[in-house]
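Okay, so here's the structure we're looking at.
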Amino acid sequence: MADVSPKFHRPDLLPPAGYADAELSVSHDGIEFWQFMVAGSIAGVIEHTSMFPVDTLKTRMQAQSAPCHSVPTGLRHAFTSILRLEGPLGLYRGIGAMSLGAGPAHAVYFSVYEKAKEYLSRGNPNNPAAHAASGVVATVASDAVLTPMDTVKQRLQLRSSPYKGVADCAARVFREEGLRAFYASYRTTVVMNAPFTAVHFATYEASKRALMEVSPDNASDERLVVHATAGAAAGALAALVTTPLDVVKTQLQCQGVCGCDKFSSSSIMEVTQAVIKRDGFAGLMRGWKPRMLFHAPAAAICWSTYEASKSFFQKFNERKKTF
């Protein structure tokens, strides 16, 4: 069964019979709720682990204003510096934290998105506002799961990080700064990811639909390419427009570590003003290149993996009905 068709039929998009009694069991597309979670979890882990070195470069560049990061902010220089001083493994420091957080967070992300899209798109499956709103709801939920591990991950990515590993970092942050330190950037993350996800999902759905309409006869054969292309376009655009808030997030998550500035509150305005005063407006766009280089292929990988997993579960469920 093709995942997307240029012509939508209302019966295919409405919840199945008995939805009121099993709304958490079976969702649209003939896939059960837990299968959306598994597909999202697989997609998230593959996305973040495969692109992790680029994320490390972004974190280093955004934290370079601190004394212990007083080196040029160029992408090439950051890359060669890590290889020369720390070796290839330096690019993967903190990947354990991301692996622990990405799976559960993306399981929540995609399952909430599918449920919200199913509810908000009733009667109009091509509504970009419904796709954007669904993405916002999904990201608020998933960020609550990912933010603590993202904080640990970024602190481990810093040059000369004082932490020995994931467990040591988590324990020391909790003991020295308290639970609030893990969520110091949550508000900023939500404010950043809400527009990021709105742009991402709206662009993805629109691009996917447009690409499928170009060659509807070959929709099934070209589905993977379509998902990858639409995902890359969505990821790149969303990453670019939200870079300033990502800089603020990095500053909050790394504050007080390895010479990074310490802030009196988690105020987005306070951090923004501090960055502008210290580095000028250009400081708010620091790391935009690796951020785009991360999110374009990462989104393509994530969506392709997610849709492939959904396709697997669709076929699995169809076969299960025959027995």
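Identifiers in this document derive from the order of the structure tokens: chains are assigned A, B, ..., residues are numbered from 1 separately in each chain, and ligands are numbered from 1 in order of occurrence.
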- [ ] Would you kindly return, as a ChimeraX atom specification, each protein, DNA or RNA residue with an atom no farther than 12 Å from any atom of Thr188 (chain A), considering only C-alpha atoms and excluding same-chain residues fewer than 4 positions away?
- [x] /A:140,143-144,147,183-184,192-195,242-253,265-272
TODO: For Cys169 (chain A), list every protein, DNA or RNA residue within 8 Å, evaluated using only C-alpha atoms, and leave out those in the same chain fewer than 5 positions away; present the list as a PyMOL selection string.
DONE: chain A and resi 152+155-156+163-164
Using only C-alpha atoms, which protein or nucleic acid residues come within 10 Å of Val226 (chain A)? Drop anything in the same chain fewer than 6 positions from it, and give the result as a PDB file with N, CA and C atoms, in the first residue's frame.
```
ATOM      1  N   TYR A 204       7.750  19.436   4.812  1.00  0.00           N
ATOM      2  CA  TYR A 204       7.867  18.021   4.459  1.00  0.00           C
ATOM      3  C   TYR A 204       6.608  17.502   3.781  1.00  0.00           C
ATOM      4  N   SER A 207       6.189  19.244   0.342  1.00  0.00           N
ATOM      5  CA  SER A 207       7.189  18.771  -0.628  1.00  0.00           C
ATOM      6  C   SER A 207       6.895  17.339  -1.051  1.00  0.00           C
ATOM      7  N   LYS A 208       6.520  16.512  -0.077  1.00  0.00           N
ATOM      8  CA  LYS A 208       6.225  15.118  -0.371  1.00  0.00           C
ATOM      9  C   LYS A 208       5.051  15.005  -1.333  1.00  0.00           C
ATOM     10  N   ARG A 209       4.006  15.781  -1.061  1.00  0.00           N
ATOM     11  CA  ARG A 209       2.823  15.736  -1.919  1.00  0.00           C
ATOM     12  C   ARG A 209       3.151  16.231  -3.327  1.00  0.00           C
ATOM     13  N   ALA A 210       3.935  17.316  -3.415  1.00  0.00           N
ATOM     14  CA  ALA A 210       4.287  17.865  -4.726  1.00  0.00           C
ATOM     15  C   ALA A 210       5.152  16.881  -5.517  1.00  0.00           C
ATOM     16  N   LEU A 211       6.107  16.251  -4.848  1.00  0.00           N
ATOM     17  CA  LEU A 211       6.985  15.300  -5.523  1.00  0.00           C
ATOM     18  C   LEU A 211       6.223  14.065  -5.989  1.00  0.00           C
ATOM     19  N   MET A 212       5.261  13.612  -5.192  1.00  0.00           N
ATOM     20  CA  MET A 212       4.475  12.443  -5.578  1.00  0.00           C
ATOM     21  C   MET A 212       3.575  12.747  -6.769  1.00  0.00           C
ATOM     22  N   ALA A 219       4.670   6.142  -7.939  1.00  0.00           N
ATOM     23  CA  ALA A 219       4.675   6.565  -6.536  1.00  0.00           C
ATOM     24  C   ALA A 219       5.313   5.530  -5.631  1.00  0.00           C
ATOM     25  N   SER A 220       4.962   4.279  -5.817  1.00  0.00           N
ATOM     26  CA  SER A 220       5.486   3.228  -4.947  1.00  0.00           C
ATOM     27  C   SER A 220       6.983   3.008  -5.166  1.00  0.00           C
ATOM     28  N   ALA A 232      14.985  16.274   3.505  1.00  0.00           N
ATOM     29  CA  ALA A 232      16.182  17.106   3.446  1.00  0.00           C
ATOM     30  C   ALA A 232      15.826  18.577   3.271  1.00  0.00           C
ATOM     31  N   ALA A 300      16.430  13.656   6.155  1.00  0.00           N
ATOM     32  CA  ALA A 300      16.239  12.684   5.077  1.00  0.00           C
ATOM     33  C   ALA A 300      16.372  11.261   5.621  1.00  0.00           C
ATOM     34  N   TRP A 303      13.222  10.565   8.131  1.00  0.00           N
ATOM     35  CA  TRP A 303      11.940  10.334   7.464  1.00  0.00           C
ATOM     36  C   TRP A 303      11.965   9.064   6.622  1.00  0.00           C
ATOM     37  N   SER A 304      13.062   8.813   5.947  1.00  0.00           N
ATOM     38  CA  SER A 304      13.157   7.603   5.133  1.00  0.00           C
ATOM     39  C   SER A 304      13.072   6.358   6.017  1.00  0.00           C
TER      40      SER A 304
END
```
Rows by chain and residue number, region 147-247 of chain A within 9 Å of region 129-132 of chain A, shortest pair, only C-alpha atoms, as a Markdown table:
```
| residue | atom | partner | partner_atom | distance |
| --- | --- | --- | --- | --- |
| A:Ala194 | CA | A:Ala132 | CA | 8.9 |
| A:Pro195 | CA | A:Ala132 | CA | 8.6 |
| A:Thr197 | CA | A:Ala132 | CA | 6.9 |
| A:Ala198 | CA | A:Ala132 | CA | 4.1 |
| A:Val199 | CA | A:Ala132 | CA | 6.8 |
| A:His200 | CA | A:Ala132 | CA | 7.8 |
| A:Phe201 | CA | A:Ala132 | CA | 5.7 |
| A:Ala202 | CA | A:Ala132 | CA | 5.3 |
| A:Thr203 | CA | A:Ala132 | CA | 8.9 |
| A:Glu205 | CA | A:His131 | CA | 7.5 |
```
TODO: For CA of Ala181 (chain A) and CA of Met285 (chain A), determine how far apart the two atoms are, in Å to one decimal place.
DONE: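 Those two atoms sit 24.5 Å apart.
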- [ ] Enumerate, as a ChimeraX atom specification, the complete set of residues in region 87-126 of chain A that a backbone-based DSSP assignment places in alpha helix (DSSP H).
- [x] /A:95-120
Write the residues of the preceding selection, restricted to C-alpha atoms, as an mmCIF file, in the first residue's frame.
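Below is the file that was written, part_15.cif:
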```cif
data_model
loop_
_atom_site.group_PDB
_atom_site.id
_atom_site.type_symbol
_atom_site.label_atom_id
_atom_site.label_comp_id
_atom_site.auth_asym_id
_atom_site.auth_seq_id
_atom_site.Cartn_x
_atom_site.Cartn_y
_atom_site.Cartn_z
ATOM 1 C CA ILE A 95 27.031 9.899 21.659
ATOM 2 C CA GLY A 96 25.955 7.594 24.480
ATOM 3 C CA ALA A 97 23.767 10.304 25.994
ATOM 4 C CA MET A 98 22.176 11.025 22.644
ATOM 5 C CA SER A 99 21.506 7.350 22.016
ATOM 6 C CA LEU A 100 19.761 7.041 25.391
ATOM 7 C CA GLY A 101 17.619 10.110 24.758
ATOM 8 C CA ALA A 102 16.885 9.930 21.036
ATOM 9 C CA GLY A 103 15.042 6.598 21.056
ATOM 10 C CA PRO A 104 12.383 7.412 23.677
ATOM 11 C CA ALA A 105 12.090 11.037 22.539
ATOM 12 C CA HIS A 106 11.447 10.122 18.911
ATOM 13 C CA ALA A 107 9.030 7.389 19.926
ATOM 14 C CA VAL A 108 6.999 10.101 21.668
ATOM 15 C CA TYR A 109 7.619 12.563 18.823
ATOM 16 C CA PHE A 110 6.259 10.496 15.965
ATOM 17 C CA SER A 111 3.458 8.738 17.828
ATOM 18 C CA VAL A 112 2.084 12.044 19.142
ATOM 19 C CA TYR A 113 2.470 13.584 15.685
ATOM 20 C CA GLU A 114 0.506 10.791 14.015
ATOM 21 C CA LYS A 115 -2.283 10.945 16.588
ATOM 22 C CA ALA A 116 -2.482 14.745 16.408
ATOM 23 C CA LYS A 117 -2.415 14.746 12.601
ATOM 24 C CA GLU A 118 -5.156 12.133 12.505
ATOM 25 C CA TYR A 119 -7.329 14.265 14.780
ATOM 26 C CA LEU A 120 -6.616 17.712 13.307
#
```
Task: Top pick for closest residue to Ala63 (chain A), considering A:Met51, A:Cys260, A:Leu179, A:Val241 and counting only C-alpha atoms - done: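 Nearest to Ala63 (chain A): A:Cys260.
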TODO: Identify, on the basis of only C-alpha atoms, every residue whose closest approach to Ile46 (chain A) does not exceed 9 Å; exclude the query and any residue fewer than 5 positions from it along the same chain; express the result as a PyMOL selection string.
DONE: chain A and resi 41+51+99+298+301-302+305
Write the residues you've just listed into a file as a PDB file, in the first residue's frame, and include N, CA and C atoms for each of them.
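Result went into result.pdb, see below:
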```pdb
ATOM      1  N   SER A  41      11.240   5.581  17.137  1.00  0.00           N
ATOM      2  CA  SER A  41      12.433   5.332  17.930  1.00  0.00           C
ATOM      3  C   SER A  41      13.600   4.885  17.056  1.00  0.00           C
ATOM      4  N   MET A  51      24.665  11.202  12.248  1.00  0.00           N
ATOM      5  CA  MET A  51      25.081  12.586  12.010  1.00  0.00           C
ATOM      6  C   MET A  51      25.755  13.211  13.229  1.00  0.00           C
ATOM      7  N   SER A  99      22.142   8.627  22.316  1.00  0.00           N
ATOM      8  CA  SER A  99      21.506   7.350  22.016  1.00  0.00           C
ATOM      9  C   SER A  99      20.430   7.020  23.052  1.00  0.00           C
ATOM     10  N   ALA A 298      20.061  14.547   8.084  1.00  0.00           N
ATOM     11  CA  ALA A 298      19.453  13.874   9.232  1.00  0.00           C
ATOM     12  C   ALA A 298      17.957  13.713   9.030  1.00  0.00           C
ATOM     13  N   ILE A 301      17.392  11.041   6.453  1.00  0.00           N
ATOM     14  CA  ILE A 301      17.593   9.721   7.052  1.00  0.00           C
ATOM     15  C   ILE A 301      16.431   9.361   7.960  1.00  0.00           C
ATOM     16  N   CYS A 302      16.021  10.316   8.781  1.00  0.00           N
ATOM     17  CA  CYS A 302      14.960  10.071   9.759  1.00  0.00           C
ATOM     18  C   CYS A 302      13.639   9.737   9.082  1.00  0.00           C
ATOM     19  N   THR A 305      13.797   6.389   7.140  1.00  0.00           N
ATOM     20  CA  THR A 305      13.758   5.258   8.062  1.00  0.00           C
ATOM     21  C   THR A 305      12.378   5.094   8.673  1.00  0.00           C
TER      22      THR A 305
END
```
- [ ] Find, counting only C-alpha atoms, the residue in A:Asp279, A:Asp261, A:Glu32, A:Asp150 that gets nearest to Phe316 (chain A).
- [x] A:Glu32
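For the set A:Cys258, A:Leu158, A:Leu83, A:Val225, the residue with the smallest atom-to-atom gap to Thr56 (chain A) is A:Leu158, counting only C-alpha atoms.
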Open item on the list: Ranking A:Val214, A:Met61, A:Ala78, A:Val54 by minimum distance to Tyr92 (chain A) and counting only C-alpha atoms, which one comes first?
Closed with: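 Among the listed residues, the smallest separation from Tyr92 (chain A) belongs to A:Val54.
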TODO: Using only C-alpha atoms, pick whichever of A:Ile31, A:Met292, A:Ala167, A:Val45 has the shortest atom-to-atom distance to Lys153 (chain A).
DONE: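 Of all the options, A:Ala167 lies closest to Lys153 (chain A).
The smallest atom-to-atom distance between Thr229 (chain A) and any of A:Leu146, A:Ala141, A:Ala296, A:Ala170, using only C-alpha atoms, is found for A:Ala296.
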TODO: Quote the spacing between CA of Ser311 (chain A) and CA of Thr49 (chain A) in Å to one decimal place.
DONE: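 Pair CA of Ser311 (chain A) / CA of Thr49 (chain A) returns 22.5 Å.
Atom to atom, CA of Leu89 (chain A) and CA of Arg60 (chain A) stand 14.7 Å apart.
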